[in-house]
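Source file: run14.csv (CSV, C-alpha atoms and all ligand atoms)
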chain,number,residue,atom,x,y,z
A,4,ALA,CA,-7.1,23.5,73.9
A,5,LEU,CA,-10.6,22.8,72.6
A,6,MET,CA,-11.1,26.4,71.5
A,7,SER,CA,-7.9,26.3,69.6
A,8,ARG,CA,-9.0,23.1,67.8
A,9,VAL,CA,-12.3,24.7,66.9
A,10,ARG,CA,-10.5,27.8,65.6
A,11,SER,CA,-8.2,25.7,63.5
A,12,LEU,CA,-11.1,23.7,62.2
A,13,THR,CA,-13.0,26.9,61.3
A,14,ARG,CA,-9.9,28.1,59.5
A,15,LEU,CA,-9.6,24.8,57.6
A,16,LYS,CA,-13.3,25.0,56.6
A,17,ARG,CA,-12.8,28.6,55.4
A,18,ILE,CA,-9.8,27.5,53.3
A,19,THR,CA,-11.7,24.5,51.9
A,20,ASP,CA,-14.7,26.7,51.0
A,21,GLU,CA,-12.5,29.2,49.4
A,22,LEU,CA,-10.7,26.5,47.3
A,23,ARG,CA,-14.0,25.0,46.3
A,24,SER,CA,-15.4,28.3,45.2
A,25,ARG,CA,-12.2,29.0,43.2
A,26,ALA,CA,-12.4,25.6,41.6
A,27,GLU,CA,-16.1,26.3,40.7
A,28,THR,CA,-15.2,29.6,39.2
A,29,ALA,CA,-12.5,27.9,37.2
A,30,MET,CA,-14.9,25.3,36.0
A,31,ARG,CA,-17.5,27.9,35.0
A,32,LEU,CA,-14.8,29.7,33.1
A,33,VAL,CA,-13.7,26.7,31.2
A,34,GLY,CA,-17.3,25.6,30.8
A,35,GLY,CA,-18.1,29.0,29.3
A,36,GLU,CA,-15.3,28.7,26.8
A,37,MET,CA,-16.4,25.2,25.9
A,38,GLU,CA,-19.9,26.5,25.3
A,39,MET,CA,-18.4,29.2,23.1
A,40,LEU,CA,-16.4,26.6,21.1
A,41,ARG,CA,-19.5,24.3,20.9
A,42,ARG,CA,-21.5,27.1,19.3
A,43,LEU,CA,-18.7,28.0,16.9
A,44,ALA,CA,-18.3,24.4,16.0
A,45,THR,CA,-22.0,24.2,15.2
A,46,THR,CA,-22.2,27.4,13.2
A,47,THR,CA,-19.0,26.6,11.1
A,48,GLY,CA,-20.0,23.0,10.7
A,49,SER,CA,-16.6,21.9,11.8
A,50,ARG,CA,-15.6,19.1,14.0
A,51,THR,CA,-13.5,21.1,16.4
A,52,LEU,CA,-11.6,19.1,19.0
A,53,ALA,CA,-11.3,20.2,22.6
A,54,TYR,CA,-8.5,19.0,24.8
A,55,VAL,CA,-9.6,18.9,28.4
A,56,GLU,CA,-7.4,18.9,31.5
A,57,THR,CA,-9.0,16.4,33.8
A,58,GLU,CA,-11.4,13.4,33.7
A,59,ALA,CA,-13.9,15.3,35.9
A,60,GLU,CA,-13.8,18.3,33.6
A,61,GLY,CA,-14.2,16.1,30.6
A,62,ARG,CA,-17.2,14.4,32.1
A,63,ALA,CA,-18.8,17.7,33.0
A,64,ILE,CA,-18.3,19.1,29.5
A,65,ALA,CA,-19.4,15.9,27.9
A,66,ARG,CA,-22.6,16.0,29.9
A,67,ARG,CA,-23.2,19.6,28.8
A,68,LEU,CA,-22.5,18.7,25.2
A,69,ARG,CA,-24.5,15.5,25.2
A,70,THR,CA,-26.4,16.2,22.0
A,71,GLU,CA,-23.4,17.8,20.3
A,72,THR,CA,-21.6,15.8,17.6
A,73,THR,CA,-19.3,18.4,16.2
A,74,LEU,CA,-17.2,18.9,19.3
A,75,THR,CA,-15.1,16.0,20.5
A,76,VAL,CA,-13.8,16.0,24.0
A,77,VAL,CA,-10.8,13.9,25.0
A,78,THR,CA,-8.6,13.9,28.0
A,79,GLU,CA,-5.5,11.8,27.1
A,80,PRO,CA,-2.8,12.9,24.7
A,81,ALA,CA,-2.7,9.5,22.9
A,82,ALA,CA,-6.5,9.6,22.4
A,83,LEU,CA,-6.2,13.2,21.3
A,84,ILE,CA,-3.6,12.5,18.6
A,85,GLU,CA,-5.8,9.7,17.3
A,86,ALA,CA,-9.0,11.6,17.4
A,87,ALA,CA,-7.4,14.8,16.0
A,88,GLY,CA,-6.6,13.0,12.7
A,89,GLY,CA,-10.1,13.6,11.5
A,90,ALA,CA,-10.7,17.0,13.1
A,91,ASP,CA,-10.9,20.4,11.3
A,92,VAL,CA,-9.2,22.4,13.9
A,93,LEU,CA,-7.8,21.7,17.4
A,94,VAL,CA,-8.0,24.0,20.3
A,95,ILE,CA,-5.4,23.5,23.0
A,96,ASP,CA,-5.4,25.1,26.4
A,97,LEU,CA,-1.9,26.3,27.3
A,98,ALA,CA,-2.8,26.5,31.0
A,99,ALA,CA,-3.5,22.7,31.1
A,100,GLU,CA,-1.4,21.2,33.8
A,101,ARG,CA,-1.9,17.4,33.8
A,102,HIS,CA,-0.1,17.1,30.5
A,103,ASP,CA,2.4,19.6,29.1
A,104,PRO,CA,0.5,21.4,26.3
A,105,LEU,CA,3.7,22.5,24.6
A,106,ARG,CA,5.0,19.0,24.5
A,107,LEU,CA,1.7,17.9,23.1
A,108,ILE,CA,1.9,20.5,20.3
A,109,SER,CA,5.3,19.0,19.3
A,110,GLN,CA,3.9,15.5,19.4
A,111,LEU,CA,1.0,16.6,17.2
A,112,ARG,CA,3.3,18.1,14.7
A,113,SER,CA,5.5,15.0,14.5
A,114,ALA,CA,2.6,12.6,14.2
A,115,GLU,CA,1.7,11.9,10.6
A,116,VAL,CA,-2.1,12.2,11.0
A,117,THR,CA,-1.9,15.6,12.7
A,118,ARG,CA,1.1,17.1,11.0
A,119,LEU,CA,-1.1,19.6,9.1
A,120,LEU,CA,-3.9,20.0,11.6
A,121,PRO,CA,-4.6,23.7,12.4
A,122,ILE,CA,-3.9,24.3,16.1
A,123,LEU,CA,-5.3,27.2,18.0
A,124,ALA,CA,-3.9,27.8,21.5
A,125,LEU,CA,-5.7,29.4,24.4
A,126,ALA,CA,-3.3,31.5,26.4
A,127,GLU,CA,-3.5,32.9,29.9
A,128,ALA,CA,-3.8,36.7,30.2
A,129,GLY,CA,-0.4,38.3,29.8
A,130,ASP,CA,1.4,35.0,29.1
A,131,GLU,CA,2.7,36.0,25.6
A,132,THR,CA,6.0,34.1,26.3
A,133,ARG,CA,4.2,30.8,26.5
A,134,ALA,CA,2.0,31.7,23.5
A,135,ALA,CA,5.1,32.5,21.5
A,136,ARG,CA,6.6,29.2,22.5
A,137,ALA,CA,3.5,27.4,21.3
A,138,LEU,CA,3.7,29.2,17.9
A,139,GLU,CA,7.3,28.2,17.7
A,140,LEU,CA,6.5,24.6,18.3
A,141,GLY,CA,3.8,24.6,15.6
A,142,ALA,CA,0.6,26.1,16.8
A,143,ASN,CA,-1.0,28.2,14.0
A,144,ASP,CA,-2.5,31.0,16.2
A,145,TYR,CA,-3.5,31.8,19.7
A,146,VAL,CA,-6.2,33.7,21.6
A,147,SER,CA,-5.6,35.3,25.0
A,148,ARG,CA,-7.8,35.0,28.0
A,149,PRO,CA,-10.4,36.4,28.8
A,150,ILE,CA,-11.5,35.1,25.5
A,151,ASP,CA,-13.5,37.4,23.3
A,152,ARG,CA,-16.1,35.4,21.4
A,153,ASN,CA,-15.8,37.4,18.1
A,154,GLU,CA,-12.0,37.1,18.2
A,155,LEU,CA,-12.1,33.4,18.8
A,156,ALA,CA,-14.7,33.0,16.0
A,157,ALA,CA,-12.6,35.0,13.6
A,158,ARG,CA,-9.4,33.1,14.4
A,159,LEU,CA,-11.2,29.7,14.2
A,160,ARG,CA,-12.7,30.6,10.9
A,161,THR,CA,-9.4,31.7,9.5
A,162,GLN,CA,-7.9,28.3,10.5
A,163,LEU,CA,-10.8,26.4,9.0
A,164,ARG,CA,-10.5,28.4,5.7
A,165,ARG,CA,-6.8,27.7,5.6
A,166,ARG,CA,-7.4,24.1,6.3
A,167,ARG,CA,-9.9,23.8,3.5
A,168,TYR,CA,-7.6,25.6,1.1
A,169,ASP,CA,-4.6,23.5,2.1
A,170,GLU,CA,-6.7,20.3,1.7
A,171,GLY,CA,-7.8,21.4,-1.8
A,172,LEU,CA,-4.2,22.2,-2.8
A,173,ARG,CA,-3.0,18.9,-1.4
A,174,GLN,CA,-5.7,17.0,-3.3
A,175,SER,CA,-5.0,18.7,-6.7
A,176,LEU,CA,-1.3,18.2,-6.2
A,177,GLN,CA,-1.9,14.5,-5.4
A,178,GLN,CA,-4.1,14.2,-8.5
A,179,THR,CA,-1.4,15.9,-10.6
A,180,ILE,CA,1.3,13.5,-9.3
A,181,GLU,CA,-1.0,10.5,-9.9
A,182,LEU,CA,-1.6,11.6,-13.5
A,183,ALA,CA,2.1,12.2,-14.1
A,184,VAL,CA,3.0,8.6,-13.1
A,185,THR,CA,0.0,6.8,-14.6
A,186,ASP,CA,-0.5,5.4,-18.0
A,187,PRO,CA,-4.0,6.5,-19.1
A,188,LEU,CA,-4.8,3.5,-21.4
A,189,THR,CA,-4.0,0.7,-19.0
A,190,GLY,CA,-4.2,2.4,-15.7
A,191,LEU,CA,-0.8,0.9,-14.8
A,192,HIS,CA,2.1,3.1,-13.7
A,193,ASN,CA,4.2,4.6,-16.5
A,194,ARG,CA,7.9,4.5,-17.2
A,195,ARG,CA,8.5,7.7,-15.2
A,196,PHE,CA,7.2,5.9,-12.1
A,197,LEU,CA,9.3,2.8,-12.9
A,198,ASP,CA,12.4,4.9,-13.4
A,199,ILE,CA,12.0,6.4,-9.9
A,200,HIS,CA,11.7,2.9,-8.4
A,201,LEU,CA,14.5,1.5,-10.4
A,202,GLU,CA,16.7,4.3,-9.3
A,203,ARG,CA,15.8,3.6,-5.7
A,204,ALA,CA,16.3,-0.2,-6.1
A,205,ALA,CA,19.6,0.4,-7.7
A,206,ALA,CA,20.7,2.7,-4.8
A,207,GLY,CA,19.6,0.1,-2.2
A,208,GLU,CA,21.4,-2.9,-0.8
A,209,GLY,CA,19.0,-5.6,-1.8
A,210,GLY,CA,18.9,-7.5,-5.1
A,211,PHE,CA,16.1,-7.2,-7.6
A,212,ALA,CA,14.9,-8.3,-11.0
A,213,LEU,CA,13.5,-6.5,-14.0
A,214,ALA,CA,11.4,-8.2,-16.7
A,215,LEU,CA,10.7,-6.4,-19.9
A,216,PHE,CA,7.7,-7.7,-22.0
A,217,ASP,CA,7.0,-6.9,-25.6
A,218,ILE,CA,3.9,-8.2,-27.4
A,219,ASP,CA,4.7,-10.2,-30.4
A,220,HIS,CA,3.8,-8.9,-33.9
A,221,PHE,CA,1.6,-6.3,-32.3
A,222,LYS,CA,1.6,-4.3,-35.5
A,223,ARG,CA,-0.3,-7.1,-37.1
A,224,ILE,CA,-3.1,-6.7,-34.5
A,225,ASN,CA,-3.3,-3.0,-35.2
A,226,ASP,CA,-3.2,-3.5,-39.0
A,227,GLY,CA,-5.6,-6.4,-39.1
A,228,PHE,CA,-8.2,-5.4,-36.5
A,229,GLY,CA,-7.8,-1.7,-36.0
A,230,HIS,CA,-6.1,0.6,-33.4
A,231,ASP,CA,-9.0,0.1,-30.9
A,232,ALA,CA,-8.5,-3.6,-31.0
A,233,GLY,CA,-4.8,-3.0,-30.4
A,234,ASP,CA,-5.7,-0.7,-27.4
A,235,ALA,CA,-8.0,-3.4,-26.0
A,236,VAL,CA,-5.2,-6.0,-26.2
A,237,LEU,CA,-2.9,-3.6,-24.3
A,238,THR,CA,-5.5,-3.0,-21.6
A,239,GLU,CA,-6.1,-6.7,-21.2
A,240,PHE,CA,-2.4,-7.5,-21.1
A,241,GLY,CA,-1.9,-4.9,-18.4
A,242,ARG,CA,-4.7,-6.5,-16.4
A,243,ARG,CA,-3.2,-10.0,-16.7
A,244,LEU,CA,0.2,-8.6,-15.8
A,245,LYS,CA,-1.0,-7.0,-12.7
A,246,ALA,CA,-3.0,-10.0,-11.7
A,247,ALA,CA,0.1,-12.3,-12.1
A,248,ILE,CA,2.4,-10.4,-9.8
A,249,ARG,CA,2.8,-9.9,-6.1
A,250,ALA,CA,1.7,-6.7,-4.3
A,251,SER,CA,5.4,-5.9,-3.7
A,252,ASP,CA,6.2,-6.1,-7.4
A,253,LEU,CA,5.7,-3.2,-9.7
A,254,ALA,CA,4.1,-3.5,-13.1
A,255,CYS,CA,4.1,-0.6,-15.5
A,256,ARG,CA,3.7,0.2,-19.1
A,257,PHE,CA,7.2,0.9,-20.4
A,258,GLY,CA,5.9,2.4,-23.6
A,259,GLY,CA,4.0,1.4,-26.7
A,260,GLU,CA,3.4,-2.4,-26.5
A,261,GLU,CA,6.2,-2.9,-24.0
A,262,PHE,CA,5.6,-3.5,-20.3
A,263,ALA,CA,7.9,-4.0,-17.3
A,264,VAL,CA,7.8,-5.7,-14.0
A,265,LEU,CA,10.2,-4.7,-11.2
A,266,MET,CA,10.6,-7.5,-8.6
A,267,PRO,CA,12.4,-6.5,-5.5
A,268,GLY,CA,14.3,-9.3,-3.8
A,269,ALA,CA,13.8,-11.7,-6.7
A,270,ASP,CA,16.6,-13.9,-8.0
A,271,VAL,CA,17.0,-15.0,-11.6
A,272,GLU,CA,15.0,-18.2,-11.2
A,273,THR,CA,12.1,-16.5,-9.5
A,274,ALA,CA,12.0,-13.7,-12.0
A,275,ALA,CA,12.1,-16.1,-15.0
A,276,ALA,CA,9.4,-18.2,-13.4
A,277,VAL,CA,7.1,-15.1,-13.0
A,278,ALA,CA,7.8,-14.1,-16.6
A,279,GLU,CA,7.1,-17.6,-17.9
A,280,ARG,CA,3.9,-17.8,-16.0
A,281,ILE,CA,2.8,-14.5,-17.6
A,282,ARG,CA,3.8,-15.7,-21.0
A,283,GLU,CA,1.8,-18.9,-20.6
A,284,GLY,CA,-1.2,-17.0,-19.4
A,285,VAL,CA,-1.1,-14.8,-22.5
A,286,ALA,CA,-0.5,-17.6,-25.0
A,287,GLY,CA,-3.0,-19.9,-23.4
A,288,GLU,CA,-6.1,-17.6,-23.3
A,289,PRO,CA,-7.1,-15.6,-26.4
A,290,PHE,CA,-7.8,-11.8,-25.9
A,291,ALA,CA,-11.3,-10.4,-26.5
A,292,ALA,CA,-10.9,-7.4,-28.8
A,293,ALA,CA,-13.1,-5.8,-31.5
A,294,ALA,CA,-15.7,-8.6,-31.2
A,295,GLU,CA,-12.9,-11.1,-32.0
A,296,MET,CA,-11.0,-13.6,-29.9
A,297,LEU,CA,-7.4,-12.8,-30.8
A,298,ALA,CA,-4.5,-15.2,-30.2
A,299,VAL,CA,-1.7,-13.1,-28.7
A,300,THR,CA,1.8,-14.0,-27.6
A,301,VAL,CA,4.4,-12.1,-25.7
A,302,SER,CA,8.2,-12.3,-25.3
A,303,ALA,CA,10.2,-11.1,-22.3
A,304,GLY,CA,13.8,-10.4,-21.2
A,305,VAL,CA,14.9,-10.8,-17.6
A,306,ALA,CA,17.8,-9.1,-15.9
A,307,VAL,CA,18.8,-9.5,-12.3
A,308,VAL,CA,20.9,-7.4,-10.0
A,309,SER,CA,22.2,-9.5,-7.1
A,310,ALA,CA,22.4,-8.0,-3.5
A,311,GLY,CA,25.1,-5.5,-2.9
A,312,ARG,CA,26.1,-5.3,-6.5
A,313,GLY,CA,25.6,-1.8,-7.7
A,314,GLU,CA,24.4,-1.2,-11.3
A,315,THR,CA,22.9,1.9,-12.9
A,316,ARG,CA,19.3,1.9,-14.0
A,317,GLU,CA,20.3,2.4,-17.6
A,318,ALA,CA,22.7,-0.6,-17.6
A,319,LEU,CA,20.0,-2.8,-16.1
A,320,VAL,CA,17.4,-1.8,-18.6
A,321,LYS,CA,19.9,-2.4,-21.4
A,322,ARG,CA,20.6,-5.9,-20.2
A,323,ALA,CA,16.8,-6.7,-20.0
A,324,ASP,CA,16.4,-5.2,-23.4
A,325,ALA,CA,19.2,-7.4,-24.8
A,326,ALA,CA,17.6,-10.5,-23.3
A,327,LEU,CA,14.3,-9.5,-24.8
A,328,TYR,CA,15.9,-9.1,-28.2
A,329,GLU,CA,17.4,-12.6,-27.9
A,330,ALA,CA,13.9,-14.0,-27.2
A,331,LYS,CA,12.5,-12.3,-30.3
A,332,ARG,CA,15.4,-13.5,-32.4
A,333,ALA,CA,15.0,-17.1,-31.1
A,334,GLY,CA,11.4,-17.1,-32.4
A,335,ARG,CA,9.2,-15.0,-29.9
A,336,ASN,CA,6.7,-16.3,-27.3
A,337,ARG,CA,9.6,-17.1,-24.9
A,338,ILE,CA,11.7,-15.6,-22.1
A,339,GLY,CA,15.3,-14.4,-22.7
A,340,MET,CA,17.9,-14.1,-19.9
B,1,LIG,P1,7.7,-7.6,-32.5
B,1,LIG,O1,7.2,-8.9,-32.3
B,1,LIG,O2,9.1,-7.5,-33.1
B,1,LIG,O3,7.7,-6.8,-31.2
B,1,LIG,O4,6.8,-6.8,-33.5
B,1,LIG,P2,5.8,-5.7,-33.2
B,1,LIG,O5,4.9,-5.5,-34.4
B,1,LIG,O6,5.1,-5.9,-32.0
B,1,LIG,O7,6.8,-4.5,-33.0
B,1,LIG,P3,6.8,-3.0,-33.5
B,1,LIG,O8,7.7,-2.3,-32.4
B,1,LIG,O9,7.3,-2.9,-34.9
B,1,LIG,O10,5.4,-2.5,-33.4
B,1,LIG,C1,4.8,-2.0,-32.2
B,1,LIG,C2,3.5,-1.3,-32.6
B,1,LIG,O11,2.8,-0.9,-31.5
B,1,LIG,C3,3.8,0.0,-33.4
B,1,LIG,C4,2.8,1.0,-32.8
B,1,LIG,O12,2.0,1.6,-33.7
B,1,LIG,C5,2.0,0.2,-31.9
B,1,LIG,N1,1.6,0.9,-30.7
B,1,LIG,C6,2.3,1.6,-29.8
B,1,LIG,N2,1.6,2.2,-28.9
B,1,LIG,C7,0.3,1.9,-29.1
B,1,LIG,C8,-1.0,2.2,-28.5
B,1,LIG,O13,-1.1,2.9,-27.5
B,1,LIG,N3,-2.1,1.6,-29.1
B,1,LIG,C9,-2.0,0.8,-30.2
B,1,LIG,N4,-3.2,0.3,-30.6
B,1,LIG,N5,-0.9,0.6,-30.8
B,1,LIG,C10,0.3,1.1,-30.3
B,2,MG,MG,8.1,-3.1,-29.2
B,3,MG,MG,9.4,-4.3,-31.8
B,4,MG,MG,6.2,-6.0,-30.2

Would you write the structure of this file as structure tokens?
Amino acid sequence: ALMSRVRSLTRLKRITDELRSRAETAMRLVGGEMEMLRRLATTTGSRTLAYVETEAEGRAIARRLRTETTLTVVTEPAALIEAAGGADVLVIDLAAERHDPLRLISQLRSAEVTRLLPILALAEAGDETRAARALELGANDYVSRPIDRNELAARLRTQLRRRRYDEGLRQSLQQTIELAVTDPLTGLHNRRFLDIHLERAAAGEGGFALALFDIDHFKRINDGFGHDAGDAVLTEFGRRLKAAIRASDLACRFGGEEFAVLMPGADVETAAAVAERIREGVAGEPFAAAAEMLAVTVSAGVAVVSAGRGETREALVKRADAALYEAKRAGRNRIGM
């Protein structure tokens, strides 16, 4: 009986040793890959992100990469998604078992911060099916094990290049859009931008108000003090308009010396009070322009769409314009409704 226990204990020890050596080999393998990634991250100047299977592995790698700043190591999917937002490229091990890497790829693709992040998958030898699935779910490319350093470098670089190109494209597109909806003189949004938001407000359920402002006798300012003085008055009016409204309201230059404020959720009393406050602020404080202090007044027309009552953008603008016309006819420096 004793001999049989010794035999079974010896067998157990053999199995344990074998398991430990297998685990160590696996660690070395992963560690070697990490070292490869680390060097690539350094040479390409990128902040590559590595996803690691277990805490122990993460700690081991973090120890090895103590002085490294370009490679971030995280172990939890939530932390990964957060950290990956600022990364250049993400390397995901498809053999990871603690969290489903395929599911993680889908999550990364649906999270706003990582939607465009290049993802490079590491696949087990011969597991093209899983690699193909990873591509389907949104990975950009994959490298099969055993990993060839040059291949990994080439694929990483391709992703980094693509990322930089996409980023440049995205930025210039963003700039173009900004320019298209911004008034260059006042820096306010322009009528095009207002139209988009009016259309949206008109299609929605909530009520909203539109106030149209028109500077009184503006031609006299231009004629008497020059076009530059006129421009300075427009810029200053834009500044005061912006300062007088809430962040949820939208101020824009409607055209020429006309401005508009869209006030979501405002009823007629609120909108009229806002317009009145702006009018008072203009009449009460002269404008510095062309080394002069100019007395300026403004008239406004207010139109309101109550909740659930559909009205087209054009009809609403027409009503606000008619109210503005009434304010002008009644003597200017006032609000029409
Ligand atoms: P009212 O009280 O009836 O509004 O009179 P007004 O003189 O303000 O109205 P009118 O529409 O006749 O004149 C507006 C002027 O605004 C005419 C145009 O030359 C001038 N204007 C339009 N855009 C600009 C601009 O960007 N800069 C300057 N300086 N003037 C502009
Ligand atoms: Mg006008
Ligand atoms: Mg006019
Ligand atoms: Mg005017």

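Considering all atoms listed in the file, the residues that reside within 7 Å of ligand MG 2 (chain B) can be listed as Asp217, Ile218, Gly259, Glu260 and Glu261 of chain A.
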
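Pairwise distance (atom C10 of ligand LIG 1 (chain B), atom CA of Pro187 of chain A) equals 13.2 Å.
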
If the limit is 12 Å from any atom of ligand MG 3 (chain B), counting all atoms listed in the file, which residues qualify? Return them as a PDB file with C-alpha atoms, keeping the file's coordinate frame.
ATOM      1  CA  PHE A 216       7.700  -7.700 -22.000  1.00  0.00           C
ATOM      2  CA  ASP A 217       7.000  -6.900 -25.600  1.00  0.00           C
ATOM      3  CA  ILE A 218       3.900  -8.200 -27.400  1.00  0.00           C
ATOM      4  CA  ASP A 219       4.700 -10.200 -30.400  1.00  0.00           C
ATOM      5  CA  HIS A 220       3.800  -8.900 -33.900  1.00  0.00           C
ATOM      6  CA  PHE A 221       1.600  -6.300 -32.300  1.00  0.00           C
ATOM      7  CA  LYS A 222       1.600  -4.300 -35.500  1.00  0.00           C
ATOM      8  CA  ARG A 223      -0.300  -7.100 -37.100  1.00  0.00           C
ATOM      9  CA  GLY A 258       5.900   2.400 -23.600  1.00  0.00           C
ATOM     10  CA  GLY A 259       4.000   1.400 -26.700  1.00  0.00           C
ATOM     11  CA  GLU A 260       3.400  -2.400 -26.500  1.00  0.00           C
ATOM     12  CA  GLU A 261       6.200  -2.900 -24.000  1.00  0.00           C
ATOM     13  CA  VAL A 301       4.400 -12.100 -25.700  1.00  0.00           C
ATOM     14  CA  SER A 302       8.200 -12.300 -25.300  1.00  0.00           C
ATOM     15  CA  ALA A 303      10.200 -11.100 -22.300  1.00  0.00           C
ATOM     16  CA  ASP A 324      16.400  -5.200 -23.400  1.00  0.00           C
ATOM     17  CA  LEU A 327      14.300  -9.500 -24.800  1.00  0.00           C
ATOM     18  CA  TYR A 328      15.900  -9.100 -28.200  1.00  0.00           C
ATOM     19  CA  ALA A 330      13.900 -14.000 -27.200  1.00  0.00           C
ATOM     20  CA  LYS A 331      12.500 -12.300 -30.300  1.00  0.00           C
ATOM     21  CA  ARG A 332      15.400 -13.500 -32.400  1.00  0.00           C
ATOM     22  CA  ARG A 335       9.200 -15.000 -29.900  1.00  0.00           C
TER      23      ARG A 335
END

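Nearest residue to Val184 of chain A, choosing from A:Val264, A:Leu197, A:Arg10, A:Ser49 and counting all atoms listed in the file: A:Leu197.
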
Legend entry - Spatial neighbours of Leu159 of chain A, max dist 12 Å, only C-alpha atoms, sep filter under 5 positions, as a VMD selection string: chain A and resid 39 to 44 46 to 52 91 to 94 121 to 125 143 to 146 152 to 154 164 to 166

Legend entry - Option closest in space to ligand LIG 1 (chain B), from A:Val299, A:Val320, A:Ala254, A:Ile281 [counting all atoms listed in the file]: A:Val299

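Considering the residues A:Thr161, A:Thr273, A:Asn225, A:Ser7 and counting only C-alpha atoms and all ligand atoms, ligand MG 4 (chain B) has its shortest atom-to-atom contact with A:Asn225.
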
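Here atom CA of Pro104 of chain A is placed at a distance of 26.8 Å from atom CA of Tyr168 of chain A.
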
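Using all atoms listed in the file, the nearest neighbour of ligand MG 4 (chain B) within the list A:Thr315, A:Ser309, A:Thr300, A:Ser147 is A:Thr300.
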
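Distances from A:Arg280, A:Arg8, A:Arg195, A:Lys245 to Glu181 of chain A were compared using all atoms listed in the file, and the smallest one belongs to A:Arg195.
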
Inset, instruction - Please measure the separation of atom CA of Gly88 of chain A and atom CA of Leu120 of chain A, giving the value in Å to one decimal. - result: 7.6 Å

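The nearest approach to Thr117 of chain A among the residues A:Leu201, A:Ala323, A:Ala142, A:Ala134, with all atoms listed in the file taken into account, belongs to A:Ala142.
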
Legend entry - Selection as a PyMOL selection string: residues within 12 Å of (-10.0, 8.8, 15.7), counting all atoms listed in the file: chain A and resi 50+52+75-77+81-90+116-117

Tell me, as a tab-separated table (two decimals) with C-alpha atoms, in the frame of the given file, which residues lie within 8 Å of Ala293 of chain A, counting only C-alpha atoms; anything in the same chain fewer than 2 positions away does not count.
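The resulting file, around-v3.tsv, is reproduced below:
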chain	number	residue	atom	x	y	z
A	228	PHE	CA	-8.20	-5.40	-36.50
A	231	ASP	CA	-9.00	0.10	-30.90
A	232	ALA	CA	-8.50	-3.60	-31.00
A	235	ALA	CA	-8.00	-3.40	-26.00
A	291	ALA	CA	-11.30	-10.40	-26.50
A	295	GLU	CA	-12.90	-11.10	-32.00

Inset, instruction - Fewer than 5 positions away in the same chain doesn't count, so skip those; otherwise give me all residues within 12 Å of Gly313 of chain A, counting only C-alpha atoms, as a PyMOL selection string. - result: chain A and resi 201-211+307-308+318-319

Could segment 326-339 of chain A be written out with N, CA and C atoms, as a PDB file, in the first residue's frame, please?
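Saved file part_30.pdb follows:
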ATOM      1  N   ALA A 326     -42.301  89.371 -37.565  1.00  0.00           N
ATOM      2  CA  ALA A 326     -42.269  90.017 -36.240  1.00  0.00           C
ATOM      3  C   ALA A 326     -41.165  91.069 -36.194  1.00  0.00           C
ATOM      4  N   LEU A 327     -40.027  90.770 -36.808  1.00  0.00           N
ATOM      5  CA  LEU A 327     -38.914  91.717 -36.878  1.00  0.00           C
ATOM      6  C   LEU A 327     -39.330  92.956 -37.682  1.00  0.00           C
ATOM      7  N   TYR A 328     -40.016  92.704 -38.770  1.00  0.00           N
ATOM      8  CA  TYR A 328     -40.473  93.806 -39.627  1.00  0.00           C
ATOM      9  C   TYR A 328     -41.401  94.733 -38.833  1.00  0.00           C
ATOM     10  N   GLU A 329     -42.264  94.152 -38.015  1.00  0.00           N
ATOM     11  CA  GLU A 329     -43.175  94.928 -37.162  1.00  0.00           C
ATOM     12  C   GLU A 329     -42.404  95.798 -36.184  1.00  0.00           C
ATOM     13  N   ALA A 330     -41.335  95.206 -35.587  1.00  0.00           N
ATOM     14  CA  ALA A 330     -40.504  95.953 -34.633  1.00  0.00           C
ATOM     15  C   ALA A 330     -39.841  97.146 -35.324  1.00  0.00           C
ATOM     16  N   LYS A 331     -39.400  96.958 -36.552  1.00  0.00           N
ATOM     17  CA  LYS A 331     -38.769  98.044 -37.316  1.00  0.00           C
ATOM     18  C   LYS A 331     -39.814  99.130 -37.595  1.00  0.00           C
ATOM     19  N   ARG A 332     -40.988  98.687 -38.035  1.00  0.00           N
ATOM     20  CA  ARG A 332     -42.044  99.621 -38.416  1.00  0.00           C
ATOM     21  C   ARG A 332     -42.517 100.449 -37.218  1.00  0.00           C
ATOM     22  N   ALA A 333     -42.493  99.785 -36.044  1.00  0.00           N
ATOM     23  CA  ALA A 333     -42.964 100.458 -34.832  1.00  0.00           C
ATOM     24  C   ALA A 333     -41.923 101.424 -34.262  1.00  0.00           C
ATOM     25  N   GLY A 334     -40.758 101.518 -34.909  1.00  0.00           N
ATOM     26  CA  GLY A 334     -39.776 102.517 -34.468  1.00  0.00           C
ATOM     27  C   GLY A 334     -38.405 101.987 -34.102  1.00  0.00           C
ATOM     28  N   ARG A 335     -38.137 100.676 -34.284  1.00  0.00           N
ATOM     29  CA  ARG A 335     -36.820 100.052 -34.021  1.00  0.00           C
ATOM     30  C   ARG A 335     -36.489 100.013 -32.528  1.00  0.00           C
ATOM     31  N   ASN A 336     -35.313  99.424 -32.200  1.00  0.00           N
ATOM     32  CA  ASN A 336     -34.866  99.263 -30.810  1.00  0.00           C
ATOM     33  C   ASN A 336     -35.967  98.630 -29.949  1.00  0.00           C
ATOM     34  N   ARG A 337     -36.591  97.571 -30.476  1.00  0.00           N
ATOM     35  CA  ARG A 337     -37.655  96.864 -29.741  1.00  0.00           C
ATOM     36  C   ARG A 337     -37.811  95.438 -30.239  1.00  0.00           C
ATOM     37  N   ILE A 338     -38.629  94.656 -29.511  1.00  0.00           N
ATOM     38  CA  ILE A 338     -38.863  93.257 -29.869  1.00  0.00           C
ATOM     39  C   ILE A 338     -40.268  93.092 -30.440  1.00  0.00           C
ATOM     40  N   GLY A 339     -40.376  92.444 -31.580  1.00  0.00           N
ATOM     41  CA  GLY A 339     -41.692  92.126 -32.158  1.00  0.00           C
ATOM     42  C   GLY A 339     -42.026  90.671 -31.925  1.00  0.00           C
TER      43      GLY A 339
END
